[in-house]
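Data from input-v9.txt: compact mmCIF, C-alpha atoms and all ligand atoms
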```
# COMPACT_ATOMS: atom_id res chain seq x y z
CA MET V 891 40.77 13.15 -34.87
CA ILE V 892 44.24 14.54 -35.33
CA GLY V 893 44.55 17.62 -33.13
CA VAL V 894 46.83 20.31 -34.55
CA PHE V 895 47.71 23.45 -32.64
CA ASP V 896 49.64 26.61 -33.24
CA SER V 897 50.10 30.03 -31.69
CA GLY V 898 47.75 31.41 -34.35
CA ILE V 899 46.80 30.99 -37.97
CA GLY V 900 50.24 30.18 -39.43
CA GLY V 901 49.88 26.54 -38.37
CA LEU V 902 47.35 26.15 -41.18
CA THR V 903 50.42 25.60 -43.40
CA VAL V 904 50.71 22.28 -41.55
CA VAL V 905 47.00 21.55 -42.07
CA ARG V 906 47.49 22.34 -45.77
CA ALA V 907 50.33 19.81 -45.96
CA LEU V 908 48.38 17.20 -43.93
CA LYS V 909 45.34 17.65 -46.20
CA HIS V 910 47.58 16.92 -49.14
CA HIS V 911 49.18 13.79 -47.66
CA LEU V 912 46.22 12.46 -45.61
CA PRO V 913 43.11 13.87 -47.31
CA ASP V 914 40.59 11.64 -45.49
CA TYR V 915 41.76 12.19 -41.93
CA ASP V 916 39.63 14.29 -39.58
CA ILE V 917 41.50 17.31 -38.29
CA LEU V 918 40.77 19.49 -35.31
CA TYR V 919 42.76 22.72 -35.39
CA PHE V 920 43.32 25.20 -32.62
CA GLY V 921 45.03 28.56 -33.18
CA ASP V 922 45.71 30.63 -30.10
CA THR V 923 45.04 33.90 -31.92
CA ALA V 924 44.21 35.80 -28.72
CA ARG V 925 47.74 35.24 -27.37
CA THR V 926 49.78 35.15 -30.56
CA PRO V 927 52.70 35.64 -31.15
CA TYR V 928 54.53 33.02 -29.09
CA GLY V 929 57.89 33.70 -30.74
CA THR V 930 58.57 36.79 -28.66
CA LYS V 931 57.56 35.24 -25.32
CA SER V 932 59.58 33.46 -22.64
CA PRO V 933 59.86 29.65 -22.64
CA GLU V 934 57.84 29.47 -19.36
CA THR V 935 54.91 31.33 -20.91
CA VAL V 936 55.00 29.32 -24.14
CA ILE V 937 55.07 26.05 -22.17
CA GLN V 938 52.01 27.12 -20.15
CA TYR V 939 50.12 28.16 -23.31
CA ALA V 940 51.08 24.95 -25.12
CA ILE V 941 49.72 22.81 -22.26
CA GLU V 942 46.41 24.71 -22.37
CA ASP V 943 46.21 24.43 -26.18
CA ALA V 944 46.89 20.69 -26.08
CA GLU V 945 44.40 20.04 -23.26
CA MET V 946 41.72 21.94 -25.14
CA LEU V 947 42.17 19.70 -28.20
CA LEU V 948 42.10 16.55 -26.07
CA GLN V 949 38.86 17.71 -24.40
CA LYS V 950 37.37 18.17 -27.88
CA GLY V 951 38.24 14.57 -28.72
CA ALA V 952 41.68 14.59 -30.40
CA GLN V 953 43.39 11.18 -30.17
CA MET V 954 46.82 12.41 -31.17
CA LEU V 955 48.50 15.79 -31.27
CA VAL V 956 50.57 17.59 -33.85
CA VAL V 957 52.41 20.67 -32.64
CA ALA V 958 52.49 22.85 -35.74
CA CYS V 959 54.13 25.80 -34.01
CA ASN V 960 57.93 25.77 -34.18
CA THR V 961 58.20 27.95 -31.09
CA ALA V 962 55.98 25.65 -29.00
CA SER V 963 57.74 22.57 -30.43
CA SER V 964 61.13 24.04 -29.49
CA VAL V 965 60.39 24.80 -25.88
CA ALA V 966 57.34 22.76 -24.82
CA THR V 967 57.67 19.29 -26.38
CA VAL V 968 59.41 17.70 -23.41
CA THR V 969 56.77 18.97 -20.94
CA LEU V 970 53.88 18.02 -23.22
CA LYS V 971 55.21 14.48 -23.63
CA GLU V 972 55.71 14.13 -19.87
CA ARG V 973 52.18 15.30 -19.05
CA LEU V 974 50.00 13.89 -21.79
CA ASP V 975 49.31 10.29 -22.58
CA VAL V 976 48.69 10.56 -26.34
CA PRO V 977 51.09 10.41 -29.29
CA ILE V 978 52.60 13.87 -29.84
CA LEU V 979 54.44 14.77 -33.02
CA GLU V 980 56.32 18.03 -33.22
CA VAL V 981 57.65 20.00 -36.13
CA ILE V 982 61.40 20.11 -35.38
CA SER V 983 62.48 16.45 -35.57
CA PRO V 984 61.15 15.73 -39.09
CA ALA V 985 63.00 18.72 -40.58
CA VAL V 986 66.16 17.73 -38.72
CA LYS V 987 65.85 14.16 -40.01
CA MET V 988 65.62 15.45 -43.54
CA ALA V 989 68.65 17.69 -43.06
CA VAL V 990 70.94 15.10 -41.47
CA SER V 991 70.09 12.42 -44.01
CA ASP V 992 71.73 14.40 -46.80
CA SER V 993 75.27 13.14 -46.36
CA LYS V 994 76.75 15.43 -49.01
CA ARG V 995 75.68 18.60 -47.22
CA THR V 996 77.35 19.85 -44.07
CA CYS V 997 76.30 23.42 -43.33
CA VAL V 998 72.78 24.16 -42.10
CA GLY V 999 71.01 27.48 -41.59
CA ILE V 1000 67.90 27.71 -39.41
CA ILE V 1001 65.50 30.62 -39.63
CA GLY V 1002 62.70 31.06 -37.10
CA THR V 1003 61.36 33.22 -34.31
CA ARG V 1004 63.72 34.49 -31.59
CA ALA V 1005 62.36 31.90 -29.14
CA THR V 1006 62.98 29.04 -31.59
CA VAL V 1007 66.49 30.11 -32.54
CA ASN V 1008 67.45 30.95 -28.94
CA SER V 1009 66.25 27.52 -27.75
CA GLY V 1010 69.10 25.91 -29.71
CA VAL V 1011 66.91 22.84 -30.24
CA TYR V 1012 67.58 22.46 -33.96
CA GLU V 1013 71.30 22.71 -33.40
CA ASP V 1014 71.27 20.16 -30.54
CA LYS V 1015 69.23 17.66 -32.54
CA ILE V 1016 71.36 18.05 -35.67
CA LYS V 1017 74.67 17.79 -33.81
CA ALA V 1018 73.47 14.69 -31.92
CA VAL V 1019 73.33 12.81 -35.24
CA ARG V 1020 75.81 14.71 -37.37
CA PRO V 1021 78.51 16.30 -35.21
CA ASP V 1022 80.32 17.17 -38.43
CA MET V 1023 77.57 19.59 -39.46
CA LYS V 1024 77.88 23.31 -38.87
CA VAL V 1025 74.63 24.94 -37.75
CA TYR V 1026 73.78 28.64 -37.83
CA GLY V 1027 70.57 30.16 -36.51
CA GLN V 1028 69.08 33.41 -37.68
CA PRO V 1029 66.01 34.90 -35.98
CA CYS V 1030 63.73 36.67 -38.49
CA PRO V 1031 61.16 38.43 -36.27
CA LEU V 1032 59.79 40.73 -38.99
CA LEU V 1033 58.70 37.91 -41.30
CA VAL V 1034 55.66 36.82 -39.25
CA PRO V 1035 54.00 40.30 -39.28
CA LEU V 1036 54.86 40.73 -42.99
CA VAL V 1037 53.10 37.46 -43.84
CA GLU V 1038 50.16 38.39 -41.61
CA GLU V 1039 49.85 41.70 -43.47
CA GLY V 1040 49.69 39.72 -46.70
CA TRP V 1041 52.95 41.30 -47.97
CA LEU V 1042 53.97 38.11 -49.71
CA GLU V 1043 55.25 39.61 -52.93
CA LYS V 1044 56.26 43.14 -51.90
CA GLY V 1045 59.67 44.64 -52.63
CA GLU V 1046 60.07 45.53 -48.95
CA THR V 1047 59.59 41.88 -48.00
CA ARG V 1048 62.22 40.79 -50.52
CA LYS V 1049 64.67 43.32 -49.09
CA ILE V 1050 64.08 42.20 -45.51
CA VAL V 1051 64.42 38.51 -46.47
CA LYS V 1052 67.69 39.34 -48.25
CA LYS V 1053 69.01 41.19 -45.20
CA TYR V 1054 68.13 38.34 -42.82
CA LEU V 1055 69.67 35.71 -45.10
CA HIS V 1056 72.88 37.66 -45.74
CA PRO V 1057 74.80 36.28 -42.70
CA LEU V 1058 73.78 32.72 -43.65
CA LYS V 1059 74.92 33.31 -47.22
CA LEU V 1060 78.31 34.43 -45.95
CA LYS V 1061 78.56 31.15 -44.01
CA GLN V 1062 77.89 29.33 -47.30
CA ILE V 1063 75.10 27.17 -45.90
CA ASP V 1064 73.94 24.35 -48.17
CA ILE V 1065 70.70 23.55 -46.30
CA LEU V 1066 68.16 26.07 -45.00
CA ILE V 1067 65.38 24.97 -42.62
CA LEU V 1068 62.24 27.11 -42.61
CA GLY V 1069 61.69 26.85 -38.85
CA CYS V 1070 58.44 28.79 -38.57
CA THR V 1071 54.83 28.18 -39.57
CA HIS V 1072 54.70 31.34 -41.69
CA TYR V 1073 57.80 30.93 -43.82
CA PRO V 1074 56.44 28.37 -46.32
CA LEU V 1075 54.40 31.31 -47.67
CA LEU V 1076 57.67 33.09 -48.48
CA LYS V 1077 59.44 30.01 -49.79
CA LYS V 1078 59.88 31.31 -53.33
CA ILE V 1079 61.46 34.57 -52.20
CA ILE V 1080 63.62 32.76 -49.65
CA GLN V 1081 64.85 30.25 -52.23
CA ALA V 1082 65.59 33.04 -54.69
CA LYS V 1083 67.55 35.06 -52.11
CA ILE V 1084 69.54 32.19 -50.61
CA GLY V 1085 70.35 30.74 -54.02
CA LYS V 1086 69.44 27.66 -56.06
CA ARG V 1087 72.21 25.44 -54.73
CA VAL V 1088 70.82 25.62 -51.17
CA LYS V 1089 68.30 22.92 -50.29
CA VAL V 1090 65.35 24.59 -48.56
CA ILE V 1091 63.47 22.36 -46.10
CA ASP V 1092 59.86 23.26 -45.42
CA SER V 1093 59.18 22.03 -41.89
CA SER V 1094 55.41 21.75 -42.53
CA GLU V 1095 56.03 19.30 -45.39
CA ALA V 1096 58.60 17.36 -43.36
CA LEU V 1097 56.10 17.12 -40.48
CA SER V 1098 53.28 15.77 -42.60
CA ASP V 1099 55.59 13.12 -44.08
CA SER V 1100 56.45 12.14 -40.55
CA VAL V 1101 52.77 11.98 -39.46
CA THR V 1102 52.03 9.74 -42.46
CA ASP V 1103 54.94 7.48 -41.57
CA PHE V 1104 53.96 7.39 -37.87
CA LEU V 1105 50.41 6.27 -38.73
CA ARG V 1106 51.71 3.57 -41.06
CA ARG V 1107 53.90 2.21 -38.27
CA ASN V 1108 51.22 2.55 -35.55
CA PRO V 1109 48.03 0.95 -36.85
CA HIS V 1110 46.52 0.88 -33.32
CA VAL V 1111 46.58 4.70 -33.33
CA ASP V 1112 45.57 4.96 -36.97
CA SER V 1113 42.51 2.73 -36.52
CA ARG V 1114 41.12 5.05 -33.81
CA LEU V 1115 41.23 8.16 -36.02
CA GLY V 1116 38.16 9.36 -37.95
CA LYS V 1117 38.54 9.39 -41.72
CA THR V 1118 35.60 11.38 -43.00
CA GLY V 1119 37.65 14.36 -44.20
CA THR V 1120 36.06 16.59 -41.51
CA ARG V 1121 38.00 19.68 -40.48
CA GLN V 1122 37.14 22.00 -37.64
CA PHE V 1123 38.98 25.21 -36.90
CA TYR V 1124 38.91 26.74 -33.44
CA VAL V 1125 40.63 29.99 -32.49
CA SER V 1126 40.81 31.98 -29.26
CA ASP V 1127 40.00 35.24 -31.09
CA VAL V 1128 38.31 35.85 -34.44
CA THR V 1129 39.13 38.87 -36.57
CA GLU V 1130 38.74 39.65 -40.25
CA GLN V 1131 42.51 39.57 -40.62
CA PHE V 1132 42.72 36.01 -39.25
CA GLN V 1133 39.96 34.97 -41.65
CA ARG V 1134 41.88 36.53 -44.53
CA ILE V 1135 45.18 34.81 -43.63
CA ALA V 1136 43.36 31.47 -43.27
CA LYS V 1137 41.97 31.90 -46.78
CA THR V 1138 45.40 32.80 -48.17
CA ILE V 1139 46.95 29.67 -46.69
CA LEU V 1140 44.20 27.13 -47.37
CA LYS V 1141 43.03 28.75 -50.63
CA THR V 1142 39.43 28.33 -49.51
CA THR V 1143 37.16 30.07 -47.03
CA VAL V 1144 36.99 28.28 -43.69
CA THR V 1145 34.86 29.03 -40.65
CA LEU V 1146 36.97 29.96 -37.65
CA GLU V 1147 35.00 29.11 -34.52
CA HIS V 1148 35.68 31.13 -31.42
CA ILE V 1149 36.51 29.20 -28.26
CA ARG V 1150 37.52 30.52 -24.87
CA LEU V 1151 40.35 28.70 -23.12
N1 LIG D 1 53.78 29.83 -35.00
C1 LIG D 1 55.02 30.49 -34.66
C2 LIG D 1 56.19 29.55 -35.01
O1 LIG D 1 56.08 28.68 -35.85
C3 LIG D 1 55.19 31.81 -35.38
C4 LIG D 1 54.25 32.89 -34.89
C5 LIG D 1 54.48 33.22 -33.44
O2 LIG D 1 55.51 33.84 -33.08
O3 LIG D 1 53.63 32.88 -32.64
O4 LIG D 1 57.24 29.68 -34.44
```
Exercise: express the given structure as structure tokens:
Amino acid sequence: MIGVFDSGIGGLTVVRALKHHLPDYDILYFGDTARTPYGTKSPETVIQYAIEDAEMLLQKGAQMLVVACNTASSVATVTLKERLDVPILEVISPAVKMAVSDSKRTCVGIIGTRATVNSGVYEDKIKAVRPDMKVYGQPCPLLVPLVEEGWLEKGETRKIVKKYLHPLKLKQIDILILGCTHYPLLKKIIQAKIGKRVKVIDSSEALSDSVTDFLRRNPHVDSRLGKTGTRQFYVSDVTEQFQRIAKTILKTTVTLEHIRL
């Protein structure tokens, strides 16, 4: 099974992309809904939570891990890779790879939680390959609660997106990375506000491309994974709102099973 974890329900955007690219693969999802959000917490706390999330998935039988949460990927990947002896794919590197491979573009904007933007991970990874690129981060803390309220099309959401993107527009970015699980749900508004000429990179899509590529290059891992199209969804707290967001993202009703960490 491919184990996917996130701070909550937003990581289902990654499951949605994985389902599209790898429809037969068994997926075990864990959303830490009891402790969400991670984006406002300190790196130490997020690292501790990420270790517990990952260990829970391994106990349930995951043979590889996908860190869907941008915040956890930003601050906890190094520790997870040091401690755990399974392949771990995180959500930052694939989006960075996509950004740096576009040789005509030189100015990248990153939007994400405060923890993700403050970590500077996107900038470090981009500059390591393309020192010529300019990178600007913009935390957008209000977007997660707006998505969780289901305010996907509201005028207020458009205004807030516009306000957050304004500084990046002034910098004339030509690439924008959606560095948070929730932002793919606002992609249309974001693209409209930042402008057509800006290439918007959806990190959940980039990640599932990278998982597909990893499995092609690592048949010994691939052959151990179940391919019956089974999907199980565990969360550390179940509420009606989480059920509703899950349905919005996956466009089908799924059973969220409660599990205590
Ligand atoms: N999953 C988080 C991320 O992608 C967003 C929600 C949170 O702050 O926990 O950064």
Contacts of range 972-975 of chain V within 12 Å, all atoms listed in the file, excl. fewer than 6 positions in-chain, as a PDB file with C-alpha atoms, in the frame of the given file:
```pdb
ATOM      1  CA  ILE V 937      55.070  26.050 -22.170  1.00  0.00           C
ATOM      2  CA  GLN V 938      52.010  27.120 -20.150  1.00  0.00           C
ATOM      3  CA  ALA V 940      51.080  24.950 -25.120  1.00  0.00           C
ATOM      4  CA  ILE V 941      49.720  22.810 -22.260  1.00  0.00           C
ATOM      5  CA  GLU V 942      46.410  24.710 -22.370  1.00  0.00           C
ATOM      6  CA  ALA V 944      46.890  20.690 -26.080  1.00  0.00           C
ATOM      7  CA  GLU V 945      44.400  20.040 -23.260  1.00  0.00           C
ATOM      8  CA  LEU V 947      42.170  19.700 -28.200  1.00  0.00           C
ATOM      9  CA  LEU V 948      42.100  16.550 -26.070  1.00  0.00           C
ATOM     10  CA  ALA V 952      41.680  14.590 -30.400  1.00  0.00           C
ATOM     11  CA  GLN V 953      43.390  11.180 -30.170  1.00  0.00           C
ATOM     12  CA  MET V 954      46.820  12.410 -31.170  1.00  0.00           C
ATOM     13  CA  LEU V 955      48.500  15.790 -31.270  1.00  0.00           C
ATOM     14  CA  ALA V 966      57.340  22.760 -24.820  1.00  0.00           C
TER      15      ALA V 966
END
```
Residues up to 10 Å from ligand LIG 1 (chain D), counting all atoms listed in the file: could you list those as an MDAnalysis selection string?
chainID V and resid 895:903 921:923 925:931 936 957:964 981 1001:1007 1031 1033:1035 1038 1068:1073 1093:1094
Can you tell me, as a ChimeraX atom specification, what residues are no more than 12 Å from Val1101 in chain V when counting only C-alpha atoms, ignoring any on the same chain fewer than 2 positions away?
/V:892-894,904-905,907-909,911-912,915,954-958,977-981,983-984,1094-1099,1103-1108,1111-1112
Separation of CA of Ile1000 in chain V and CA of Val1037 in chain V, in Å?
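Distance between the two atoms: 18.3 Å.
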Across V:His1110, V:Glu1147, V:Ile1091, V:Asp943, the smallest distance to Val1128 in chain V, with all atoms listed in the file counted, is shown by V:Glu1147
What are the centre and edge lengths in Å, to one decimal, of the axis-aligned box around all listed atoms of range 1013-1025 of chain V with 5 Å added on each side, as AutoDock Vina command-line options?
```
--center_x 74.8 --center_y 18.9 --center_z -35.0 --size_x 21.1 --size_y 22.1 --size_z 18.9
```
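Nearest to Ile1050 in chain V of all the residues V:Lys1141, V:Arg1121, V:Lys1083, V:Lys1077 is V:Lys1083, counting all atoms listed in the file.
Going from CA of Gly1045 in chain V to CA of Pro1074 in chain V covers 17.7 Å.
Take CA of Lys1017 in chain V and CA of Lys1059 in chain V: the distance between them is 20.5 Å.
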For Val1088 in chain V, which of V:Ala1136, V:Leu1055, V:Leu1146, V:Ala985 is the closest residue, counting all atoms listed in the file?
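Checking each candidate against Val1088 in chain V, we get V:Leu1055 as the closest.
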Could you pull the residues within 10 Å of Lys1052 in chain V, counting only C-alpha atoms, minus those fewer than 5 positions along the same chain, as a list in words?
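Those residues are Glu1046, Thr1047, Pro1057, Lys1059, Ile1079, Ile1080, Ala1082, Lys1083 and Ile1084 of chain V.
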Residues from last step as file, C-alpha atoms, as a PDB file, keeping the file's coordinate frame:
```
ATOM      1  CA  GLU V1046      60.070  45.530 -48.950  1.00  0.00           C
ATOM      2  CA  THR V1047      59.590  41.880 -48.000  1.00  0.00           C
ATOM      3  CA  PRO V1057      74.800  36.280 -42.700  1.00  0.00           C
ATOM      4  CA  LYS V1059      74.920  33.310 -47.220  1.00  0.00           C
ATOM      5  CA  ILE V1079      61.460  34.570 -52.200  1.00  0.00           C
ATOM      6  CA  ILE V1080      63.620  32.760 -49.650  1.00  0.00           C
ATOM      7  CA  ALA V1082      65.590  33.040 -54.690  1.00  0.00           C
ATOM      8  CA  LYS V1083      67.550  35.060 -52.110  1.00  0.00           C
ATOM      9  CA  ILE V1084      69.540  32.190 -50.610  1.00  0.00           C
TER      10      ILE V1084
END
```
Nearest candidate to Leu1151 in chain V (options V:Ala1018, V:Met946, V:Leu918, V:Ile982; using all atoms listed in the file)
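Nearest to Leu1151 in chain V: V:Met946.
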Let me make sure I understand: among V:Gln1133, V:Gly1116, V:Lys1044, V:Pro1109, which one has the smallest atom-to-atom distance to Asp916 in chain V if we use only C-alpha atoms?
V:Gly1116
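Every protein or nucleic acid residue with an atom no more than 9 Å from Gly1040 in chain V, counting all atoms listed in the file and leaving out same-chain residues fewer than 4 positions away, appears here: Pro1035, Leu1036, Arg1134, Ile1135 and Thr1138 of chain V.
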Which residue is closest to Val1090 in chain V? Choose from V:Val965, V:Ala989, V:Ile1149, V:Ile1139 and count all atoms listed in the file.
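The closest residue to Val1090 in chain V is V:Ala989.
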Can range 1058-1083 of chain V be brought up to N, CA, C and O atoms and written out as a PDB file, keeping the file's coordinate frame?
```pdb
ATOM      1  N   LEU V1058      73.763  34.154 -43.347  1.00  0.00           N
ATOM      2  CA  LEU V1058      73.780  32.720 -43.650  1.00  0.00           C
ATOM      3  C   LEU V1058      74.452  32.471 -44.997  1.00  0.00           C
ATOM      4  O   LEU V1058      75.127  31.458 -45.205  1.00  0.00           O
ATOM      5  N   LYS V1059      74.264  33.411 -45.903  1.00  0.00           N
ATOM      6  CA  LYS V1059      74.920  33.310 -47.220  1.00  0.00           C
ATOM      7  C   LYS V1059      76.433  33.382 -47.066  1.00  0.00           C
ATOM      8  O   LYS V1059      77.179  32.625 -47.684  1.00  0.00           O
ATOM      9  N   LEU V1060      76.857  34.289 -46.180  1.00  0.00           N
ATOM     10  CA  LEU V1060      78.310  34.430 -45.950  1.00  0.00           C
ATOM     11  C   LEU V1060      78.896  33.142 -45.367  1.00  0.00           C
ATOM     12  O   LEU V1060      80.050  32.807 -45.626  1.00  0.00           O
ATOM     13  N   LYS V1061      78.091  32.423 -44.591  1.00  0.00           N
ATOM     14  CA  LYS V1061      78.560  31.150 -44.010  1.00  0.00           C
ATOM     15  C   LYS V1061      78.516  30.020 -45.028  1.00  0.00           C
ATOM     16  O   LYS V1061      78.856  28.885 -44.712  1.00  0.00           O
ATOM     17  N   GLN V1062      77.993  30.313 -46.202  1.00  0.00           N
ATOM     18  CA  GLN V1062      77.890  29.330 -47.300  1.00  0.00           C
ATOM     19  C   GLN V1062      77.106  28.086 -46.883  1.00  0.00           C
ATOM     20  O   GLN V1062      77.556  26.947 -47.107  1.00  0.00           O
ATOM     21  N   ILE V1063      75.950  28.318 -46.263  1.00  0.00           N
ATOM     22  CA  ILE V1063      75.100  27.170 -45.900  1.00  0.00           C
ATOM     23  C   ILE V1063      74.684  26.419 -47.161  1.00  0.00           C
ATOM     24  O   ILE V1063      74.574  27.009 -48.242  1.00  0.00           O
ATOM     25  N   ASP V1064      74.466  25.099 -47.007  1.00  0.00           N
ATOM     26  CA  ASP V1064      73.940  24.350 -48.170  1.00  0.00           C
ATOM     27  C   ASP V1064      72.562  23.745 -47.889  1.00  0.00           C
ATOM     28  O   ASP V1064      71.974  23.111 -48.755  1.00  0.00           O
ATOM     29  N   ILE V1065      72.078  23.926 -46.638  1.00  0.00           N
ATOM     30  CA  ILE V1065      70.700  23.550 -46.300  1.00  0.00           C
ATOM     31  C   ILE V1065      70.098  24.717 -45.513  1.00  0.00           C
ATOM     32  O   ILE V1065      70.781  25.293 -44.656  1.00  0.00           O
ATOM     33  N   LEU V1066      68.844  25.036 -45.790  1.00  0.00           N
ATOM     34  CA  LEU V1066      68.160  26.070 -45.000  1.00  0.00           C
ATOM     35  C   LEU V1066      66.835  25.500 -44.512  1.00  0.00           C
ATOM     36  O   LEU V1066      65.997  25.075 -45.320  1.00  0.00           O
ATOM     37  N   ILE V1067      66.654  25.472 -43.180  1.00  0.00           N
ATOM     38  CA  ILE V1067      65.380  24.970 -42.620  1.00  0.00           C
ATOM     39  C   ILE V1067      64.456  26.160 -42.340  1.00  0.00           C
ATOM     40  O   ILE V1067      64.839  27.108 -41.645  1.00  0.00           O
ATOM     41  N   LEU V1068      63.245  26.072 -42.895  1.00  0.00           N
ATOM     42  CA  LEU V1068      62.240  27.110 -42.610  1.00  0.00           C
ATOM     43  C   LEU V1068      61.578  26.738 -41.286  1.00  0.00           C
ATOM     44  O   LEU V1068      60.614  25.980 -41.254  1.00  0.00           O
ATOM     45  N   GLY V1069      62.123  27.264 -40.187  1.00  0.00           N
ATOM     46  CA  GLY V1069      61.690  26.850 -38.850  1.00  0.00           C
ATOM     47  C   GLY V1069      60.592  27.713 -38.272  1.00  0.00           C
ATOM     48  O   GLY V1069      60.684  28.142 -37.118  1.00  0.00           O
ATOM     49  N   CYS V1070      59.570  27.981 -39.051  1.00  0.00           N
ATOM     50  CA  CYS V1070      58.440  28.790 -38.570  1.00  0.00           C
ATOM     51  C   CYS V1070      57.241  28.520 -39.461  1.00  0.00           C
ATOM     52  O   CYS V1070      57.392  28.377 -40.680  1.00  0.00           O
ATOM     53  N   THR V1071      56.069  28.464 -38.832  1.00  0.00           N
ATOM     54  CA  THR V1071      54.830  28.180 -39.570  1.00  0.00           C
ATOM     55  C   THR V1071      54.608  29.098 -40.777  1.00  0.00           C
ATOM     56  O   THR V1071      54.011  28.687 -41.769  1.00  0.00           O
ATOM     57  N   HIS V1072      55.041  30.351 -40.654  1.00  0.00           N
ATOM     58  CA  HIS V1072      54.700  31.340 -41.690  1.00  0.00           C
ATOM     59  C   HIS V1072      55.621  31.313 -42.913  1.00  0.00           C
ATOM     60  O   HIS V1072      55.256  31.818 -43.967  1.00  0.00           O
ATOM     61  N   TYR V1073      56.811  30.765 -42.753  1.00  0.00           N
ATOM     62  CA  TYR V1073      57.800  30.930 -43.820  1.00  0.00           C
ATOM     63  C   TYR V1073      57.509  30.148 -45.108  1.00  0.00           C
ATOM     64  O   TYR V1073      57.969  30.578 -46.175  1.00  0.00           O
ATOM     65  N   PRO V1074      56.757  29.026 -45.042  1.00  0.00           N
ATOM     66  CA  PRO V1074      56.440  28.370 -46.320  1.00  0.00           C
ATOM     67  C   PRO V1074      55.758  29.339 -47.309  1.00  0.00           C
ATOM     68  O   PRO V1074      55.899  29.203 -48.521  1.00  0.00           O
ATOM     69  N   LEU V1075      55.064  30.350 -46.773  1.00  0.00           N
ATOM     70  CA  LEU V1075      54.400  31.310 -47.670  1.00  0.00           C
ATOM     71  C   LEU V1075      55.396  32.236 -48.361  1.00  0.00           C
ATOM     72  O   LEU V1075      55.048  32.937 -49.305  1.00  0.00           O
ATOM     73  N   LEU V1076      56.633  32.249 -47.861  1.00  0.00           N
ATOM     74  CA  LEU V1076      57.670  33.090 -48.480  1.00  0.00           C
ATOM     75  C   LEU V1076      58.739  32.231 -49.142  1.00  0.00           C
ATOM     76  O   LEU V1076      59.826  32.711 -49.459  1.00  0.00           O
ATOM     77  N   LYS V1077      58.414  30.960 -49.345  1.00  0.00           N
ATOM     78  CA  LYS V1077      59.440  30.010 -49.790  1.00  0.00           C
ATOM     79  C   LYS V1077      60.104  30.439 -51.099  1.00  0.00           C
ATOM     80  O   LYS V1077      61.325  30.349 -51.243  1.00  0.00           O
ATOM     81  N   LYS V1078      59.305  30.933 -52.030  1.00  0.00           N
ATOM     82  CA  LYS V1078      59.880  31.310 -53.330  1.00  0.00           C
ATOM     83  C   LYS V1078      60.906  32.426 -53.176  1.00  0.00           C
ATOM     84  O   LYS V1078      61.999  32.364 -53.739  1.00  0.00           O
ATOM     85  N   ILE V1079      60.536  33.444 -52.403  1.00  0.00           N
ATOM     86  CA  ILE V1079      61.460  34.570 -52.200  1.00  0.00           C
ATOM     87  C   ILE V1079      62.704  34.080 -51.460  1.00  0.00           C
ATOM     88  O   ILE V1079      63.833  34.426 -51.804  1.00  0.00           O
ATOM     89  N   ILE V1080      62.497  33.254 -50.458  1.00  0.00           N
ATOM     90  CA  ILE V1080      63.620  32.760 -49.650  1.00  0.00           C
ATOM     91  C   ILE V1080      64.576  31.945 -50.528  1.00  0.00           C
ATOM     92  O   ILE V1080      65.798  32.143 -50.496  1.00  0.00           O
ATOM     93  N   GLN V1081      63.993  31.065 -51.346  1.00  0.00           N
ATOM     94  CA  GLN V1081      64.850  30.250 -52.230  1.00  0.00           C
ATOM     95  C   GLN V1081      65.624  31.146 -53.201  1.00  0.00           C
ATOM     96  O   GLN V1081      66.823  30.958 -53.427  1.00  0.00           O
ATOM     97  N   ALA V1082      64.930  32.146 -53.732  1.00  0.00           N
ATOM     98  CA  ALA V1082      65.590  33.040 -54.690  1.00  0.00           C
ATOM     99  C   ALA V1082      66.734  33.795 -54.018  1.00  0.00           C
ATOM    100  O   ALA V1082      67.811  33.969 -54.606  1.00  0.00           O
ATOM    101  N   LYS V1083      66.523  34.244 -52.789  1.00  0.00           N
ATOM    102  CA  LYS V1083      67.550  35.060 -52.110  1.00  0.00           C
ATOM    103  C   LYS V1083      68.712  34.208 -51.588  1.00  0.00           C
ATOM    104  O   LYS V1083      69.853  34.662 -51.584  1.00  0.00           O
TER     105      LYS V1083
END
```
